[in-house]
Amino acid sequence: MAKKVINVLKLNLPAGTATPAPPVGPALGQAGVNIMEFIKRYNEQTAAQKGSVLPTEITVYEDRSFSFIVKQPLASELIKQAAGIQGGSANPLKDKVGKITRDQLRQIAERKMPDLNANDVEAAMKIMAGTARSMGVEVID
Amino acid sequence: MSSLLWIRLRVEAPPPAWDAVAAALERIGCQGVELLDAPPAVVGYLPKERESLVESFKQRLQEFPQFGLPPVSEPEVTEVESDTWQRAWKRFFRSRKIGERIRVQPSWSAKRPQAGEILILLDPGMAFGTGSHPTTALCLELMQQYLKPGDRVADLGCGTGILSIAAVRLGASEAQAVDSDPLSVLVANENTERNEVAAKIAVREGDGWNAIEGSFDFIVCNILSSFLIQTASQPSRFLKPNGYYLVSGVIGRNWRSVARSLEAAGLHPVERRKRRQWVAAIYQKP
């Protein structure tokens, strides 16, 4: 019989280098999961993607065992990669730190569609464009 | 372990704005975030001493509508102490028998071992290894089968010290336990004393193979597969002829590259076990 799920946790975590510091500690501690056991598994499984932050969904069962899946990279990660920048702007209204094309924006929106609850690619692109601008990345035609 | 103060920032935001809020939290130094469903919100944490950055974060959130993002709430700011979560999971660590003879039990449990059982008492704190994880359990099982009384043992990535304690209780004459994490060293020392084996176990803070001295009959290494591959030439330097190298902490899909590197280094495969997605194996130096 399938084990009863008591909690599903969603965390965005650095690949290969997660630590017991927050948010991992408080989220997993409250759910009764052994923090170090989770970290060991997560870091082993994501070591190849070191440098990115990955959305991770952790399912906690009644006996406090757990399983997890790693989802598509964050929109902000994909935008940083497309723009070729290390990080977002400290003051995105004034200081622009990079540019992406509408084609790149469309590709990112298509990749993120399953996680976004958007009705169509156009709606997903609007969200992605807003996320890009909030990081100081301009969208150009 | 002393308790640290953290600032918890909780921002109510609809899912389309989550990545932008997360990016703004990352910008002020949060190492990852938690996402909550009801009501939808993003939560990040900052060490208390970086509290001054909260103002610039609030400023970023207020600008969201100007970027075409949905509006989000002001962050709710609370202080939390680290020890509240460090202790939270302990109530789920229970007495457990592993393999034929070993029973691992929380130090606060009153349960008595059955006749013939080797009892290991542990208080894991924030270190790795309670025996409930397959990587540790597989090591304990294989040690019960291959470790001989009188063996000299090295334990790389010792965590709580569970494997060194088990080695001595299984008859090893001495063990050198190494971990790069100072906290694990502290926890391992407490556990060796708790189990009255401290005289036979030297716990050291150090970088894997560089921290052990002498030659060994049995070396156990429960770290990540990348470490096993990078240091594949080391076991032969430290093992006596016919000595065993027990590797663990390898996820199934990484197994082949670990096996290839160990065999290329001249070690002979003896036995391999798999549990869930984890693989552990024993190799022997000719």
# chains A, B, ... in the order shown; residues from 1 in each chain; ligands from 1
$ interface_residues --of "chain B" --to "chain A" --cutoff "6 Å" --atoms "only C-alpha atoms" --output "list in words"
Ala20, Gly32, Val33, Glu34, Leu35, Tyr45, Phe67, Gly68, Leu69, Trp85, Ala88, Trp89, Phe128 and Leu224 of chain B
$ write_last_selection --atoms "N, CA and C atoms" --output "PDB file, in the first residue's frame"
ATOM      1  N   ALA B  20      10.427  36.009  -9.190  1.00  0.00           N
ATOM      2  CA  ALA B  20      10.958  37.364  -9.054  1.00  0.00           C
ATOM      3  C   ALA B  20      11.220  37.686  -7.579  1.00  0.00           C
ATOM      4  N   GLY B  32      18.585  30.258  -0.955  1.00  0.00           N
ATOM      5  CA  GLY B  32      17.394  29.459  -1.242  1.00  0.00           C
ATOM      6  C   GLY B  32      16.181  29.993  -0.507  1.00  0.00           C
ATOM      7  N   VAL B  33      15.004  29.571  -0.933  1.00  0.00           N
ATOM      8  CA  VAL B  33      13.750  30.033  -0.324  1.00  0.00           C
ATOM      9  C   VAL B  33      12.778  28.865  -0.168  1.00  0.00           C
ATOM     10  N   GLU B  34      11.758  29.087   0.655  1.00  0.00           N
ATOM     11  CA  GLU B  34      10.666  28.117   0.753  1.00  0.00           C
ATOM     12  C   GLU B  34       9.415  28.731   0.121  1.00  0.00           C
ATOM     13  N   LEU B  35       8.647  27.903  -0.591  1.00  0.00           N
ATOM     14  CA  LEU B  35       7.431  28.390  -1.240  1.00  0.00           C
ATOM     15  C   LEU B  35       6.227  27.755  -0.567  1.00  0.00           C
ATOM     16  N   TYR B  45      15.373  33.488   4.486  1.00  0.00           N
ATOM     17  CA  TYR B  45      16.002  33.752   5.782  1.00  0.00           C
ATOM     18  C   TYR B  45      17.340  34.458   5.594  1.00  0.00           C
ATOM     19  N   PHE B  67       7.225  46.760 -13.277  1.00  0.00           N
ATOM     20  CA  PHE B  67       7.852  45.816 -14.212  1.00  0.00           C
ATOM     21  C   PHE B  67       6.814  44.917 -14.881  1.00  0.00           C
ATOM     22  N   GLY B  68       5.543  45.153 -14.577  1.00  0.00           N
ATOM     23  CA  GLY B  68       4.502  44.313 -15.142  1.00  0.00           C
ATOM     24  C   GLY B  68       4.271  43.041 -14.346  1.00  0.00           C
ATOM     25  N   LEU B  69       4.769  43.001 -13.098  1.00  0.00           N
ATOM     26  CA  LEU B  69       4.548  41.837 -12.239  1.00  0.00           C
ATOM     27  C   LEU B  69       3.367  42.097 -11.316  1.00  0.00           C
ATOM     28  N   TRP B  85      14.668  24.340  15.149  1.00  0.00           N
ATOM     29  CA  TRP B  85      14.547  23.295  14.118  1.00  0.00           C
ATOM     30  C   TRP B  85      15.592  22.208  14.274  1.00  0.00           C
ATOM     31  N   ALA B  88      13.887  19.712  16.288  1.00  0.00           N
ATOM     32  CA  ALA B  88      12.534  19.304  15.903  1.00  0.00           C
ATOM     33  C   ALA B  88      12.443  17.866  15.395  1.00  0.00           C
ATOM     34  N   TRP B  89      13.425  17.413  14.598  1.00  0.00           N
ATOM     35  CA  TRP B  89      13.259  16.095  13.978  1.00  0.00           C
ATOM     36  C   TRP B  89      13.639  14.946  14.895  1.00  0.00           C
ATOM     37  N   PHE B 128      25.711  13.803  10.122  1.00  0.00           N
ATOM     38  CA  PHE B 128      25.079  12.774   9.317  1.00  0.00           C
ATOM     39  C   PHE B 128      25.345  11.385   9.869  1.00  0.00           C
ATOM     40  N   LEU B 224      30.363  11.646  -1.122  1.00  0.00           N
ATOM     41  CA  LEU B 224      29.730  11.740  -2.435  1.00  0.00           C
ATOM     42  C   LEU B 224      30.546  10.978  -3.490  1.00  0.00           C
TER      43      LEU B 224
END
$ residues_around --residues "B:Gly161" --least-positions-apart "6" --cutoff "9 Å" --atoms "only C-alpha atoms" --output "list in words"
Leu122, Ala127, Phe128, Gly129, Asp155, Ala177, Val178, Ser184, Val185, Val187, Ala188, Asn189, Asn191, Thr192 and Val203 of chain B
$ residues_around --residues "B:Ile282" --least-positions-apart "2" --cutoff "10 Å" --atoms "only C-alpha atoms" --output "PyMOL selection string"
chain B and resi 139+142-143+146+218-220+244-248+267-273+280+284
$ select_by_dssp --residues "stretch 93-155 of chain B" --states "strand (DSSP E or B)" --output "count of residues only"
17
$ closest_residue --among "B:Gly214, B:Glu51, B:Thr78, B:Val11" --to "B:Gly29" --atoms "only C-alpha atoms"
B:Glu51
$ decode --residues "stretch 13-24 of chain A" --atoms "all heavy atoms" --output "mmCIF file, in the first residue's frame"
data_model
loop_
_atom_site.group_PDB
_atom_site.id
_atom_site.type_symbol
_atom_site.label_atom_id
_atom_site.label_comp_id
_atom_site.auth_asym_id
_atom_site.auth_seq_id
_atom_site.Cartn_x
_atom_site.Cartn_y
_atom_site.Cartn_z
ATOM 1 N N LEU A 13 16.712 25.536 -3.919
ATOM 2 C CA LEU A 13 17.975 25.304 -3.210
ATOM 3 C C LEU A 13 19.175 25.315 -4.151
ATOM 4 O O LEU A 13 19.066 24.887 -5.300
ATOM 5 C CB LEU A 13 17.932 23.942 -2.514
ATOM 6 C CG LEU A 13 16.837 23.761 -1.473
ATOM 7 C CD1 LEU A 13 16.830 22.326 -0.983
ATOM 8 C CD2 LEU A 13 17.036 24.723 -0.321
ATOM 9 N N PRO A 14 20.343 25.761 -3.646
ATOM 10 C CA PRO A 14 21.546 25.731 -4.471
ATOM 11 C C PRO A 14 21.968 24.286 -4.754
ATOM 12 O O PRO A 14 22.087 23.482 -3.834
ATOM 13 C CB PRO A 14 22.591 26.454 -3.625
ATOM 14 C CG PRO A 14 22.080 26.424 -2.232
ATOM 15 C CD PRO A 14 20.584 26.335 -2.322
ATOM 16 N N ALA A 15 22.179 23.966 -6.024
ATOM 17 C CA ALA A 15 22.527 22.592 -6.411
ATOM 18 C C ALA A 15 23.869 22.187 -5.831
ATOM 19 O O ALA A 15 24.824 22.960 -5.867
ATOM 20 C CB ALA A 15 22.574 22.495 -7.935
ATOM 21 N N GLY A 16 23.940 20.984 -5.269
ATOM 22 C CA GLY A 16 25.211 20.411 -4.809
ATOM 23 C C GLY A 16 25.793 21.021 -3.552
ATOM 24 O O GLY A 16 26.739 20.484 -2.989
ATOM 25 N N THR A 17 25.232 22.148 -3.085
ATOM 26 C CA THR A 17 25.846 22.816 -1.937
ATOM 27 C C THR A 17 24.828 23.228 -0.871
ATOM 28 O O THR A 17 25.043 24.197 -0.145
ATOM 29 C CB THR A 17 26.614 24.089 -2.377
ATOM 30 O OG1 THR A 17 25.705 24.944 -3.073
ATOM 31 C CG2 THR A 17 27.784 23.768 -3.279
ATOM 32 N N ALA A 18 23.710 22.516 -0.804
ATOM 33 C CA ALA A 18 22.711 22.844 0.221
ATOM 34 C C ALA A 18 23.309 22.575 1.610
ATOM 35 O O ALA A 18 24.152 21.689 1.770
ATOM 36 C CB ALA A 18 21.465 22.002 0.015
ATOM 37 N N THR A 19 22.899 23.353 2.591
ATOM 38 C CA THR A 19 23.374 23.185 3.971
ATOM 39 C C THR A 19 22.170 23.151 4.909
ATOM 40 O O THR A 19 21.058 23.477 4.499
ATOM 41 C CB THR A 19 24.277 24.359 4.406
ATOM 42 O OG1 THR A 19 23.437 25.513 4.585
ATOM 43 C CG2 THR A 19 25.352 24.662 3.373
ATOM 44 N N PRO A 20 22.401 22.786 6.195
ATOM 45 C CA PRO A 20 21.270 22.764 7.130
ATOM 46 C C PRO A 20 20.753 24.155 7.488
ATOM 47 O O PRO A 20 19.753 24.285 8.161
ATOM 48 C CB PRO A 20 21.850 22.098 8.387
ATOM 49 C CG PRO A 20 23.174 21.568 8.011
ATOM 50 C CD PRO A 20 23.644 22.307 6.812
ATOM 51 N N ALA A 21 21.433 25.199 7.036
ATOM 52 C CA ALA A 21 20.970 26.566 7.326
ATOM 53 C C ALA A 21 19.599 26.784 6.691
ATOM 54 O O ALA A 21 19.213 26.048 5.794
ATOM 55 C CB ALA A 21 21.985 27.564 6.784
ATOM 56 N N PRO A 22 18.863 27.809 7.127
ATOM 57 C CA PRO A 22 17.565 28.084 6.501
ATOM 58 C C PRO A 22 17.718 28.332 5.004
ATOM 59 O O PRO A 22 18.759 28.847 4.605
ATOM 60 C CB PRO A 22 17.119 29.375 7.189
ATOM 61 C CG PRO A 22 17.878 29.430 8.463
ATOM 62 C CD PRO A 22 19.187 28.755 8.196
ATOM 63 N N PRO A 23 16.741 27.982 4.191
ATOM 64 C CA PRO A 23 15.410 27.496 4.577
ATOM 65 C C PRO A 23 15.321 25.995 4.860
ATOM 66 O O PRO A 23 14.298 25.530 5.324
ATOM 67 C CB PRO A 23 14.579 27.831 3.346
ATOM 68 C CG PRO A 23 15.529 27.665 2.214
ATOM 69 C CD PRO A 23 16.855 28.144 2.729
ATOM 70 N N VAL A 24 16.381 25.219 4.588
ATOM 71 C CA VAL A 24 16.278 23.764 4.734
ATOM 72 C C VAL A 24 15.950 23.372 6.182
ATOM 73 O O VAL A 24 15.010 22.614 6.439
ATOM 74 C CB VAL A 24 17.592 23.069 4.294
ATOM 75 C CG1 VAL A 24 17.513 21.573 4.540
ATOM 76 C CG2 VAL A 24 17.862 23.342 2.821
#
